[in-house]
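Novice: upload-v1.tsv (TSV, C-alpha atoms and all ligand atoms) pasted underneath:
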```
chain	number	residue	atom	x	y	z
N	1	MET	CA	101.00	174.03	121.71
N	2	ARG	CA	101.31	174.44	117.95
N	3	LEU	CA	98.46	176.26	116.33
N	4	ILE	CA	97.60	177.74	112.96
N	5	LEU	CA	95.17	180.66	112.72
N	6	LEU	CA	93.45	180.66	109.37
N	7	GLY	CA	91.15	183.28	107.88
N	8	PRO	CA	91.01	186.12	105.37
N	9	PRO	CA	92.67	189.50	105.93
N	10	GLY	CA	90.79	191.37	108.65
N	11	ALA	CA	89.42	188.19	110.26
N	12	GLY	CA	91.19	188.98	113.54
N	13	LYS	CA	94.09	186.52	113.39
N	14	GLY	CA	96.65	189.03	114.66
N	15	THR	CA	94.44	190.22	117.53
N	16	GLN	CA	93.67	186.69	118.69
N	17	ALA	CA	97.29	185.58	118.25
N	18	GLN	CA	98.42	188.34	120.62
N	19	ARG	CA	95.97	187.17	123.25
N	20	LEU	CA	97.19	183.59	122.89
N	21	VAL	CA	100.77	184.80	123.29
N	22	GLU	CA	99.86	186.44	126.61
N	23	LYS	CA	97.96	183.44	127.86
N	24	HIS	CA	100.24	180.62	126.77
N	25	GLY	CA	103.65	182.26	126.67
N	26	ILE	CA	104.47	181.03	123.20
N	27	PRO	CA	105.39	183.29	120.29
N	28	GLN	CA	103.20	184.55	117.48
N	29	LEU	CA	104.89	183.78	114.19
N	30	SER	CA	103.39	186.25	111.74
N	31	THR	CA	104.92	186.01	108.29
N	32	GLY	CA	103.39	189.40	107.48
N	33	ASP	CA	105.27	190.97	110.44
N	34	MET	CA	108.49	189.17	109.48
N	35	LEU	CA	108.20	190.35	105.89
N	36	ARG	CA	107.41	193.93	106.93
N	37	ALA	CA	110.50	193.88	109.17
N	38	ALA	CA	112.58	192.64	106.22
N	39	VAL	CA	111.18	195.43	104.02
N	40	ALA	CA	111.96	198.05	106.69
N	41	ALA	CA	115.50	196.70	107.11
N	42	GLN	CA	115.94	196.62	103.32
N	43	THR	CA	117.30	193.08	103.35
N	44	GLU	CA	117.48	191.06	100.14
N	45	VAL	CA	114.22	189.33	101.10
N	46	GLY	CA	112.64	192.69	101.89
N	47	LYS	CA	113.65	194.12	98.54
N	48	ARG	CA	112.15	191.14	96.71
N	49	ALA	CA	108.94	191.16	98.75
N	50	LYS	CA	108.08	194.87	98.89
N	51	ALA	CA	106.32	195.42	95.54
N	52	VAL	CA	104.43	192.14	95.84
N	53	MET	CA	103.16	193.04	99.31
N	54	ASP	CA	102.22	196.58	98.29
N	55	ALA	CA	100.10	195.08	95.48
N	56	GLY	CA	98.31	192.72	97.88
N	57	GLU	CA	99.70	189.60	96.24
N	58	LEU	CA	101.43	186.68	97.90
N	59	VAL	CA	105.19	186.56	98.30
N	60	SER	CA	106.76	183.40	96.84
N	61	ASP	CA	106.51	180.15	98.76
N	62	GLU	CA	110.28	179.80	98.55
N	63	ILE	CA	110.93	183.08	100.42
N	64	VAL	CA	108.23	182.58	103.02
N	65	ASN	CA	109.05	178.93	103.74
N	66	ALA	CA	112.69	179.85	104.26
N	67	ILE	CA	111.96	182.58	106.80
N	68	VAL	CA	109.58	180.33	108.72
N	69	ALA	CA	112.03	177.40	108.79
N	70	GLU	CA	114.65	179.71	110.28
N	71	ARG	CA	112.18	181.09	112.82
N	72	PHE	CA	111.13	177.59	113.95
N	73	ASP	CA	114.66	176.96	115.14
N	74	GLN	CA	114.87	179.95	117.44
N	75	PRO	CA	114.76	178.93	121.11
N	76	ASP	CA	111.49	180.68	121.96
N	77	ALA	CA	109.63	178.52	119.42
N	78	ALA	CA	110.76	175.25	121.00
N	79	LYS	CA	107.72	174.94	123.28
N	80	GLY	CA	105.22	175.92	120.60
N	81	PHE	CA	103.93	178.79	118.51
N	82	ILE	CA	100.93	180.39	116.89
N	83	LEU	CA	101.22	180.68	113.13
N	84	ASP	CA	99.44	183.83	111.97
N	85	GLY	CA	99.17	184.30	108.20
N	86	TYR	CA	101.12	181.16	107.40
N	87	PRO	CA	100.64	178.76	105.64
N	88	ARG	CA	98.76	180.61	102.90
N	89	THR	CA	99.11	178.14	100.00
N	90	LEU	CA	98.93	174.37	99.68
N	91	ALA	CA	102.67	174.32	98.92
N	92	GLN	CA	103.30	176.17	102.21
N	93	ALA	CA	101.05	173.72	104.06
N	94	ASP	CA	103.08	170.81	102.65
N	95	ALA	CA	106.29	172.61	103.63
N	96	VAL	CA	105.13	173.19	107.20
N	97	GLU	CA	104.29	169.54	107.52
N	98	VAL	CA	107.83	168.56	106.52
N	99	MET	CA	109.32	171.22	108.84
N	100	LEU	CA	107.35	169.87	111.79
N	101	ARG	CA	108.07	166.25	110.93
N	102	ASP	CA	111.80	166.99	110.68
N	103	ARG	CA	111.64	168.47	114.18
N	104	GLY	CA	109.62	165.55	115.55
N	105	VAL	CA	106.58	167.63	116.49
N	106	GLY	CA	103.01	167.98	115.26
N	107	LEU	CA	100.22	170.49	114.94
N	108	ASP	CA	97.55	170.65	117.64
N	109	ALA	CA	94.90	172.45	115.65
N	110	VAL	CA	94.06	174.80	112.81
N	111	VAL	CA	91.57	177.39	113.98
N	112	GLU	CA	89.60	178.96	111.15
N	113	LEU	CA	88.10	182.36	111.97
N	114	VAL	CA	84.87	182.25	109.98
N	115	VAL	CA	83.83	185.74	108.92
N	116	ASP	CA	81.47	187.54	106.61
N	117	ASP	CA	83.42	189.06	103.69
N	118	LYS	CA	81.36	192.21	103.75
N	119	ALA	CA	82.64	193.14	107.20
N	120	LEU	CA	86.29	192.72	106.33
N	121	VAL	CA	87.07	195.83	104.32
N	122	GLY	CA	85.49	197.96	107.07
N	123	ARG	CA	87.73	196.31	109.67
N	124	ILE	CA	90.83	196.93	107.57
N	125	LEU	CA	89.96	200.60	107.03
N	126	LYS	CA	89.30	200.97	110.76
N	127	ARG	CA	92.72	199.47	111.52
N	128	ALA	CA	94.33	202.01	109.18
N	129	GLU	CA	92.44	204.90	110.83
N	130	GLU	CA	93.36	203.75	114.33
N	131	ALA	CA	97.03	203.42	113.40
N	132	LYS	CA	97.00	206.91	111.93
N	133	ALA	CA	95.26	208.38	114.98
N	134	ALA	CA	97.83	206.73	117.26
N	135	GLY	CA	100.67	208.21	115.21
N	136	GLN	CA	101.74	204.73	114.06
N	137	PRO	CA	102.71	203.88	110.51
N	138	VAL	CA	99.76	202.85	108.33
N	139	ARG	CA	100.27	199.64	106.35
N	140	LYS	CA	100.50	200.36	102.64
N	141	ASP	CA	98.18	197.47	101.88
N	142	ASP	CA	95.44	198.54	104.33
N	143	ASN	CA	93.27	200.38	101.81
N	144	ALA	CA	90.17	199.40	99.84
N	145	GLU	CA	91.88	198.84	96.46
N	146	VAL	CA	94.69	196.61	97.70
N	147	PHE	CA	92.30	194.87	100.05
N	148	ASP	CA	90.28	193.57	97.08
N	149	GLU	CA	93.39	191.91	95.71
N	150	ARG	CA	94.30	190.46	99.13
N	151	LEU	CA	90.83	188.93	99.39
N	152	ARG	CA	91.08	187.51	95.86
N	153	GLU	CA	94.44	185.96	96.73
N	154	TYR	CA	92.88	184.50	99.88
N	155	TYR	CA	90.07	182.76	97.99
N	156	LYS	CA	92.28	181.58	95.17
N	157	LYS	CA	95.27	180.33	97.15
N	158	THR	CA	94.51	180.13	100.87
N	159	ALA	CA	90.89	178.98	101.12
N	160	PRO	CA	91.83	175.49	99.76
N	161	LEU	CA	93.67	174.97	103.06
N	162	ILE	CA	90.30	174.69	104.78
N	163	GLY	CA	89.64	171.40	102.98
N	164	TYR	CA	93.26	170.33	103.38
N	165	TYR	CA	93.18	170.61	107.18
N	166	HIS	CA	89.62	169.35	107.45
N	167	ALA	CA	90.72	166.14	105.71
N	168	LYS	CA	93.50	165.81	108.27
N	169	GLY	CA	91.01	166.18	111.14
N	170	LYS	CA	92.79	169.33	112.36
N	171	LEU	CA	90.31	172.05	111.39
N	172	VAL	CA	88.13	173.80	113.95
N	173	GLY	CA	85.85	176.66	112.92
N	174	VAL	CA	85.23	179.58	115.25
N	175	ASP	CA	82.71	182.40	114.63
N	176	GLY	CA	84.96	185.34	113.86
N	177	MET	CA	82.02	187.76	113.70
N	178	ALA	CA	81.52	187.61	117.47
N	179	SER	CA	83.19	190.20	119.74
N	180	ILE	CA	86.95	189.97	120.28
N	181	ASP	CA	86.42	188.59	123.80
N	182	GLU	CA	83.89	186.03	122.62
N	183	VAL	CA	86.24	184.82	119.89
N	184	THR	CA	89.03	184.51	122.45
N	185	GLN	CA	86.73	182.48	124.68
N	186	ALA	CA	85.72	180.21	121.81
N	187	ILE	CA	89.38	179.56	120.95
N	188	ASP	CA	90.13	178.85	124.62
N	189	GLN	CA	87.33	176.28	124.62
N	190	VAL	CA	88.73	174.62	121.50
N	191	LEU	CA	92.17	174.42	123.09
N	192	ALA	CA	90.77	173.04	126.35
N	193	ARG	CA	88.88	170.37	124.42
N	194	ILE	CA	92.02	169.38	122.56
N	195	ALA	CA	94.07	169.26	125.77
N	196	ASN	CA	91.48	166.91	127.31
N	197	THR	CA	91.44	164.54	124.38
N	198	VAL	CA	95.20	164.14	124.05
U	201	LIG	P1	99.53	189.90	106.66
U	201	LIG	O1	100.22	190.80	107.63
U	201	LIG	O2	99.42	188.49	107.13
U	201	LIG	O3	98.21	190.46	106.20
U	201	LIG	O4	100.46	189.85	105.36
U	201	LIG	C1	100.75	191.02	104.61
U	201	LIG	C2	101.31	190.63	103.25
U	201	LIG	O5	102.54	189.91	103.43
U	201	LIG	C3	100.45	189.70	102.41
U	201	LIG	O6	99.45	190.39	101.67
U	201	LIG	C4	101.49	189.06	101.50
U	201	LIG	O7	101.92	189.95	100.49
U	201	LIG	C5	102.65	188.87	102.48
U	201	LIG	N1	102.57	187.57	103.19
U	201	LIG	C6	102.38	187.38	104.52
U	201	LIG	N2	102.36	186.08	104.82
U	201	LIG	C7	102.52	185.41	103.65
U	201	LIG	C8	102.57	184.06	103.29
U	201	LIG	N3	102.42	183.08	104.21
U	201	LIG	N4	102.75	183.74	101.98
U	201	LIG	C9	102.90	184.70	101.04
U	201	LIG	N5	102.84	186.01	101.30
U	201	LIG	C10	102.66	186.38	102.60
```
Please go through the file and, once you have read it, give me the structure as structure tokens.
Ligand code: AMP
Specialist:
Amino acid sequence: MRLILLGPPGAGKGTQAQRLVEKHGIPQLSTGDMLRAAVAAQTEVGKRAKAVMDAGELVSDEIVNAIVAERFDQPDAAKGFILDGYPRTLAQADAVEVMLRDRGVGLDAVVELVVDDKALVGRILKRAEEAKAAGQPVRKDDNAEVFDERLREYYKKTAPLIGYYHAKGKLVGVDGMASIDEVTQAIDQVLARIANTV
């Protein structure tokens, strides 16, 4: 199964991706996680990405496409994957199409988590509080100021992907305001429907 989870920051993509990993045994490919790992390891990519990420802006398509292309070729991604936070621009969506075509595979679906903007900043702040309480590192971009920029970037650069995938007949909307379990159930139903129509 090859799936894209689409939605603004705080929509629940990471949470749902983890559940899909457990259920389907395929990896979650989160470009945000990969970039944060590169920043922590102080690689060349990490050094180039750090300030951009801290400001809530998008890292260049060139950098992100390259790390995803490399990740696609690791053995655990052969049976499928869940893309979380990628693609985020039309240029990335075009790139992913070429990457998949080159590997002779296709996308099963793009699940859009449809959420109310007003709830998002609260979710992000809660995530930061929970991380802090658990003694885990708090993401530098999980605060109200940077969040505004992340949301602006989403509407400017990522939201056009909704139309892009709709036109390809791949888009499925799921109510991301429901409880975590209900969202998981709705995604399961989408996947079951797809499996039955193939
Ligand atoms: P995330 O963990 O998905 O919220 O991503 C955190 C940050 O990493 C984003 O605000 C961007 O700066 C960067 N990032 C993650 N994925 C991408 C992507 N596909 N394209 C560009 N920048 C990204």
Novice: Mind pulling up the distance from CA of Gln18 (chain N) to CA of Leu113 (chain N)?
Specialist: 14.7 Å
Novice: Leaving out region 159-172 of chain N and any residue of its chain fewer than 2 positions from it, which residues lie within 9 Å of it when counting all atoms listed in the file, given as an NGL selection string?
Specialist: :N and (6-8 or 87-90 or 93 or 107-113 or 153-157 or 174 or 190)
Novice: (103.2, 191.7, 99.3) in this file's frame - what residues fall within 12 Å of it? Use only C-alpha atoms and give the answer as a ChimeraX atom specification.
Specialist: /N:31-36,38-39,45-60,63-64,139-142,146-147,149-150,153
Novice: Could you state the separation of atom N4 of ligand LIG 201 (chain U) and CA of Ala134 (chain N) in Å, given to one decimal place?
Specialist: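 Going from atom N4 of ligand LIG 201 (chain U) over to CA of Ala134 (chain N) covers 28.0 Å.
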Novice: Separation of atom C8 of ligand LIG 201 (chain U) and CA of Ile194 (chain N), in Å?
Specialist: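 That distance, rounded to one decimal, is 26.4 Å.
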Novice: Could you check which of N:Leu20, N:Ala131, N:Met99, N:Ala37 is closest to ligand LIG 201 (chain U), using only C-alpha atoms and all ligand atoms?
Specialist: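 Using only C-alpha atoms and all ligand atoms, the shortest distance to ligand LIG 201 (chain U) belongs to N:Ala37.
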Novice: Please identify all polymer residues within 12 Å of Glu129 (chain N), counting only C-alpha atoms, omitting same-chain residues fewer than 6 positions from it, and present them as an NGL selection string.
Specialist: :N and (122-123 or 135-139 or 142-143)
Novice: Pick out the closest residue to ligand LIG 201 (chain U) from this set: N:Glu22, N:Asp148, N:Glu130, N:Asp102. Count all atoms listed in the file.
Specialist: N:Asp148
Novice: Please determine, counting only C-alpha atoms and all ligand atoms, which residue among N:Asn65, N:Gln42, N:Gln74, N:Gln28 has the shortest atom-to-atom distance to ligand LIG 201 (chain U).
Specialist: N:Asn65
Novice: Which residues are close to Ala11 (chain N), i.e. within 12 Å by only C-alpha atoms, leaving aside same-chain residues fewer than 4 positions away? Reply as an NGL selection string.
Specialist: :N and (5-7 or 15-17 or 84-85 or 111-124 or 127 or 151 or 154 or 174-180 or 183)
Novice: Hey, which of N:Ala195, N:Lys132, N:Ala91, N:Thr184 ends up closest to ligand LIG 201 (chain U)? Count all atoms listed in the file.
Specialist: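 Checking each of N:Ala195, N:Lys132, N:Ala91, N:Thr184 against ligand LIG 201 (chain U), counting all atoms listed in the file, the winner is N:Ala91.
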Novice: So, with all atoms listed in the file as the atoms that count, which of N:Val105, N:Leu29, N:Leu125, N:Leu191 lies closest to ligand LIG 201 (chain U)?
Specialist: N:Leu29
Novice: Name all residues at most 12 Å from Ala78 (chain N) (count only C-alpha atoms; drop same-chain ones fewer than 4 positions away) and give them as an MDAnalysis selection string.
Specialist: chainID N and resid 1:2 25:27 71:74 82 100 103:105
